[in-house]
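Colleague: The structure under discussion is supplied below as structure tokens; questions concerning it will follow.
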Amino acid sequence: MAAGWVGWSAAALGYAVLLAGPGGARNWWGAHLIGTAAAYAPVFLVPALLALRRGNQRSAVAAFIATGYLTVVLVTWLPRQSPAVWPQEWRLIGWGLGCIAVYCTGPLIFARLRRVPLRSLGLQWGAWRWELILSGALIPAILVIAWVAAGLPAFQAMYPFYDTGPGRPVTLGLVAWWALYAGTFAALEFYFRGFLVGAGTPLLGWWAIPAMAAPYCLLHLDKPLPELVSSLMGGLALGVVARLTGSILTGVLAHIGLALSTDAAVLLRSPR
């Protein structure tokens with residue numbers, strides 16, 4: 001299985017890099033619905049075929065794949081549709097609330113219709129003591145990664161999303177944005193590590209993890225290349241933790257910590 005994981009992951013990363021480079025995805029990713037939907041299609045077709053080959057009922061596979069596919073396509077496209085004339089704050093609020101709504105709606109409808117308990121989608125404490133210890137142990141690595149990344153021009157040009165102007169000082173508006181930003185990562189973890197891993201495991205077994213990591217990697221197509229590449233490995237690691245603990249807590253804490261640390265590090269390292 002390890003060799004299969006490596007092959008699947010390498011193929012997913014190669015596909016993402018191909019889209020980001022020769023495919024020019026950075027120019028249209030999330031802006032054009034049809035192109036975005038077409039790009040995601042292959043990474044959901046493969047697990048669908050695998051799930052059917054494993055003898056699962058077609059209705060169960062169809063419900064899972066359709067929910068996963070439509071959710072990630074919509075979350076990549078819909079929250080970005082705020083009118084350009086809106087003030088920055090309105091556009092960010094629209095993006096943040098849109099992401100949270102889309103990430104949560106599909107999996108919740110799936111759970112209701114398929115009578116799947118929410119605790120099986122990562123919404124339980126699991127081994128929470130060990131998760132808190134693991135999250136704490138990750139803090140030094142998170143801070144180092146954030147500090148190094150913040151020194152790269154691509155990261156300084158992109159983060160924080162909330163731009164307060166020259167020098168980008170910390171303001172009340174930025175802090176409020178960070179609170180909403182954190183909520184988007186909790187919703188993201190619920191979808192990727194909660195729904196795709198939790199609902200995917202009965203259909204795919206451990207293969208649900210690389211099946212989740214592939215669309216998670218594509219989600220980062222418009223991000224700096226180091227973030228695109230590292231998202232695949234991070235997705236695999238958090239998927240394993242979620243599968244072993246039955247909880248998304250570690251992913252939520254690690255993701256929020258990395259995102260906010262990166263923003264803070266960029267503010268500290270950006271030219272004044």
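Ordering of the structure tokens sets the chain letters (A, B, ...), residue numbers begin anew at 1 in every chain, and ligands are numbered from 1 in the order given.
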I need the residues in segment 8-243 of chain A that are alpha helix (DSSP H) according to DSSP; give them as a PyMOL selection string.
Modeller: chain A and resi 8-20+25-28+33-53+58-77+88-113+128-150+153-158+172-189+197-198+201-204+208-218+225-243
Colleague: Find the residues of segment 191-261 of chain A that sit at most 7 Å from segment 141-165 of chain A; for each, write down the nearest two atoms and how far apart they are in Å, to one decimal. Count only C-alpha atoms. Sort by chain, then by number going up, and give it as a tab-separated table.
Modeller:
residue	atom	partner	partner_atom	distance
A:Pro224	CA	A:Ala154	CA	5.9
A:Leu258	CA	A:Ile142	CA	5.6
A:Ser261	CA	A:Ala146	CA	5.8
Colleague: Would you work out the distance separating atom CA of Pro42 of chain A from atom CA of Tyr15 of chain A, expressed in Å to one decimal?
Modeller: 9.6 Å
Colleague: Between atom CA of Leu267 of chain A and atom CA of Arg91 of chain A, what distance in Å does the model show, to one decimal?
Modeller: 21.0 Å
Colleague: Residues within 12 Å of Ala62 of chain A, please, as a PDB file with N, CA and C atoms, in the first residue's frame. Count only C-alpha atoms; anything in the same chain fewer than 4 positions from it doesn't count.
Modeller:
ATOM      1  N   PHE A  44     -11.339  12.986  -8.638  1.00  0.00           N
ATOM      2  CA  PHE A  44     -12.493  12.322  -8.027  1.00  0.00           C
ATOM      3  C   PHE A  44     -12.906  11.083  -8.821  1.00  0.00           C
ATOM      4  N   LEU A  45     -12.558  11.050 -10.096  1.00  0.00           N
ATOM      5  CA  LEU A  45     -12.877   9.876 -10.904  1.00  0.00           C
ATOM      6  C   LEU A  45     -12.103   8.652 -10.427  1.00  0.00           C
ATOM      7  N   PRO A  47     -10.783   7.793  -7.317  1.00  0.00           N
ATOM      8  CA  PRO A  47     -11.341   7.137  -6.124  1.00  0.00           C
ATOM      9  C   PRO A  47     -12.731   6.553  -6.357  1.00  0.00           C
ATOM     10  N   ALA A  48     -13.520   7.151  -7.259  1.00  0.00           N
ATOM     11  CA  ALA A  48     -14.837   6.590  -7.564  1.00  0.00           C
ATOM     12  C   ALA A  48     -14.694   5.194  -8.163  1.00  0.00           C
ATOM     13  N   LEU A  49     -13.765   5.060  -9.112  1.00  0.00           N
ATOM     14  CA  LEU A  49     -13.540   3.752  -9.738  1.00  0.00           C
ATOM     15  C   LEU A  49     -12.993   2.750  -8.728  1.00  0.00           C
ATOM     16  N   ALA A  51     -13.485   2.778  -5.447  1.00  0.00           N
ATOM     17  CA  ALA A  51     -14.549   2.427  -4.514  1.00  0.00           C
ATOM     18  C   ALA A  51     -15.505   1.410  -5.125  1.00  0.00           C
ATOM     19  N   LEU A  52     -15.821   1.573  -6.408  1.00  0.00           N
ATOM     20  CA  LEU A  52     -16.704   0.619  -7.078  1.00  0.00           C
ATOM     21  C   LEU A  52     -16.016  -0.737  -7.237  1.00  0.00           C
ATOM     22  N   ASN A  56     -18.357  -1.658  -3.374  1.00  0.00           N
ATOM     23  CA  ASN A  56     -19.302  -0.804  -2.663  1.00  0.00           C
ATOM     24  C   ASN A  56     -20.558  -0.555  -3.502  1.00  0.00           C
ATOM     25  N   GLN A  57     -21.657  -0.257  -2.831  1.00  0.00           N
ATOM     26  CA  GLN A  57     -22.896   0.045  -3.536  1.00  0.00           C
ATOM     27  C   GLN A  57     -22.745   1.328  -4.342  1.00  0.00           C
ATOM     28  N   ARG A  58     -23.301   1.322  -5.523  1.00  0.00           N
ATOM     29  CA  ARG A  58     -23.177   2.478  -6.405  1.00  0.00           C
ATOM     30  C   ARG A  58     -23.795   3.730  -5.780  1.00  0.00           C
ATOM     31  N   ALA A  66     -20.188  12.693  -5.391  1.00  0.00           N
ATOM     32  CA  ALA A  66     -20.906  13.898  -5.813  1.00  0.00           C
ATOM     33  C   ALA A  66     -20.801  14.997  -4.758  1.00  0.00           C
ATOM     34  N   THR A  67     -20.947  14.618  -3.489  1.00  0.00           N
ATOM     35  CA  THR A  67     -20.841  15.607  -2.416  1.00  0.00           C
ATOM     36  C   THR A  67     -19.436  16.195  -2.355  1.00  0.00           C
ATOM     37  N   GLY A  68     -18.434  15.327  -2.417  1.00  0.00           N
ATOM     38  CA  GLY A  68     -17.059  15.804  -2.351  1.00  0.00           C
ATOM     39  C   GLY A  68     -16.695  16.684  -3.527  1.00  0.00           C
ATOM     40  N   TYR A  69     -17.075  16.252  -4.713  1.00  0.00           N
ATOM     41  CA  TYR A  69     -16.725  16.993  -5.938  1.00  0.00           C
ATOM     42  C   TYR A  69     -17.420  18.348  -5.992  1.00  0.00           C
ATOM     43  N   LEU A  70     -18.717  18.368  -5.797  1.00  0.00           N
ATOM     44  CA  LEU A  70     -19.463  19.629  -5.880  1.00  0.00           C
ATOM     45  C   LEU A  70     -19.015  20.608  -4.804  1.00  0.00           C
ATOM     46  N   PHE A 110     -25.115  15.341   3.375  1.00  0.00           N
ATOM     47  CA  PHE A 110     -24.737  13.942   3.177  1.00  0.00           C
ATOM     48  C   PHE A 110     -24.975  13.142   4.450  1.00  0.00           C
ATOM     49  N   ARG A 114     -27.698  10.201   4.460  1.00  0.00           N
ATOM     50  CA  ARG A 114     -27.114   8.859   4.541  1.00  0.00           C
ATOM     51  C   ARG A 114     -27.108   8.313   5.969  1.00  0.00           C
ATOM     52  N   GLY A 200     -15.067   8.668   3.594  1.00  0.00           N
ATOM     53  CA  GLY A 200     -14.380   7.922   2.543  1.00  0.00           C
ATOM     54  C   GLY A 200     -13.785   6.609   3.016  1.00  0.00           C
ATOM     55  N   LEU A 203     -15.565   3.330   2.304  1.00  0.00           N
ATOM     56  CA  LEU A 203     -15.592   3.002   0.878  1.00  0.00           C
ATOM     57  C   LEU A 203     -14.212   2.670   0.323  1.00  0.00           C
TER      58      LEU A 203
END
Colleague: Please, which residues in segment 42-147 of chain A fall within 8 Å of segment 236-254 of chain A when counting only C-alpha atoms, and what is the closest atom pair and distance in Å to one decimal for each, ordered by chain then residue number, as a tab-separated table?
Modeller:
residue	atom	partner	partner_atom	distance
A:Arg119	CA	A:Gly246	CA	7.9
A:Ser120	CA	A:Gly246	CA	6.9
A:Leu121	CA	A:Ser247	CA	7.7
A:Gly122	CA	A:Ser247	CA	4.0
A:Leu123	CA	A:Ser247	CA	6.0
A:Gln124	CA	A:Ser247	CA	5.5
A:Trp125	CA	A:Ser247	CA	6.0
A:Gly126	CA	A:Thr245	CA	5.2
A:Ala127	CA	A:Thr245	CA	5.6
A:Trp128	CA	A:Leu249	CA	7.4
A:Glu131	CA	A:Thr250	CA	5.5
A:Leu132	CA	A:Thr250	CA	7.1
A:Leu134	CA	A:Thr250	CA	7.4
A:Ser135	CA	A:Thr250	CA	5.9
A:Leu138	CA	A:Ala254	CA	7.4
A:Ile139	CA	A:Ala254	CA	8.0
A:Ile142	CA	A:Ala254	CA	7.7
Colleague: Which residue, A:Val197, A:Ala187, A:Leu19, A:Leu78, has the smallest gap to Thr105 of chain A when you use only C-alpha atoms?
Modeller: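 Among the listed residues, A:Ala187 lies closest to Thr105 of chain A.
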Colleague: Ranking A:Ala199, A:Ile133, A:Leu180, A:Ala186 by minimum distance to Leu108 of chain A and counting only C-alpha atoms, which one comes first?
Modeller: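 Checking each candidate against Leu108 of chain A, we get A:Ala199 as the closest.
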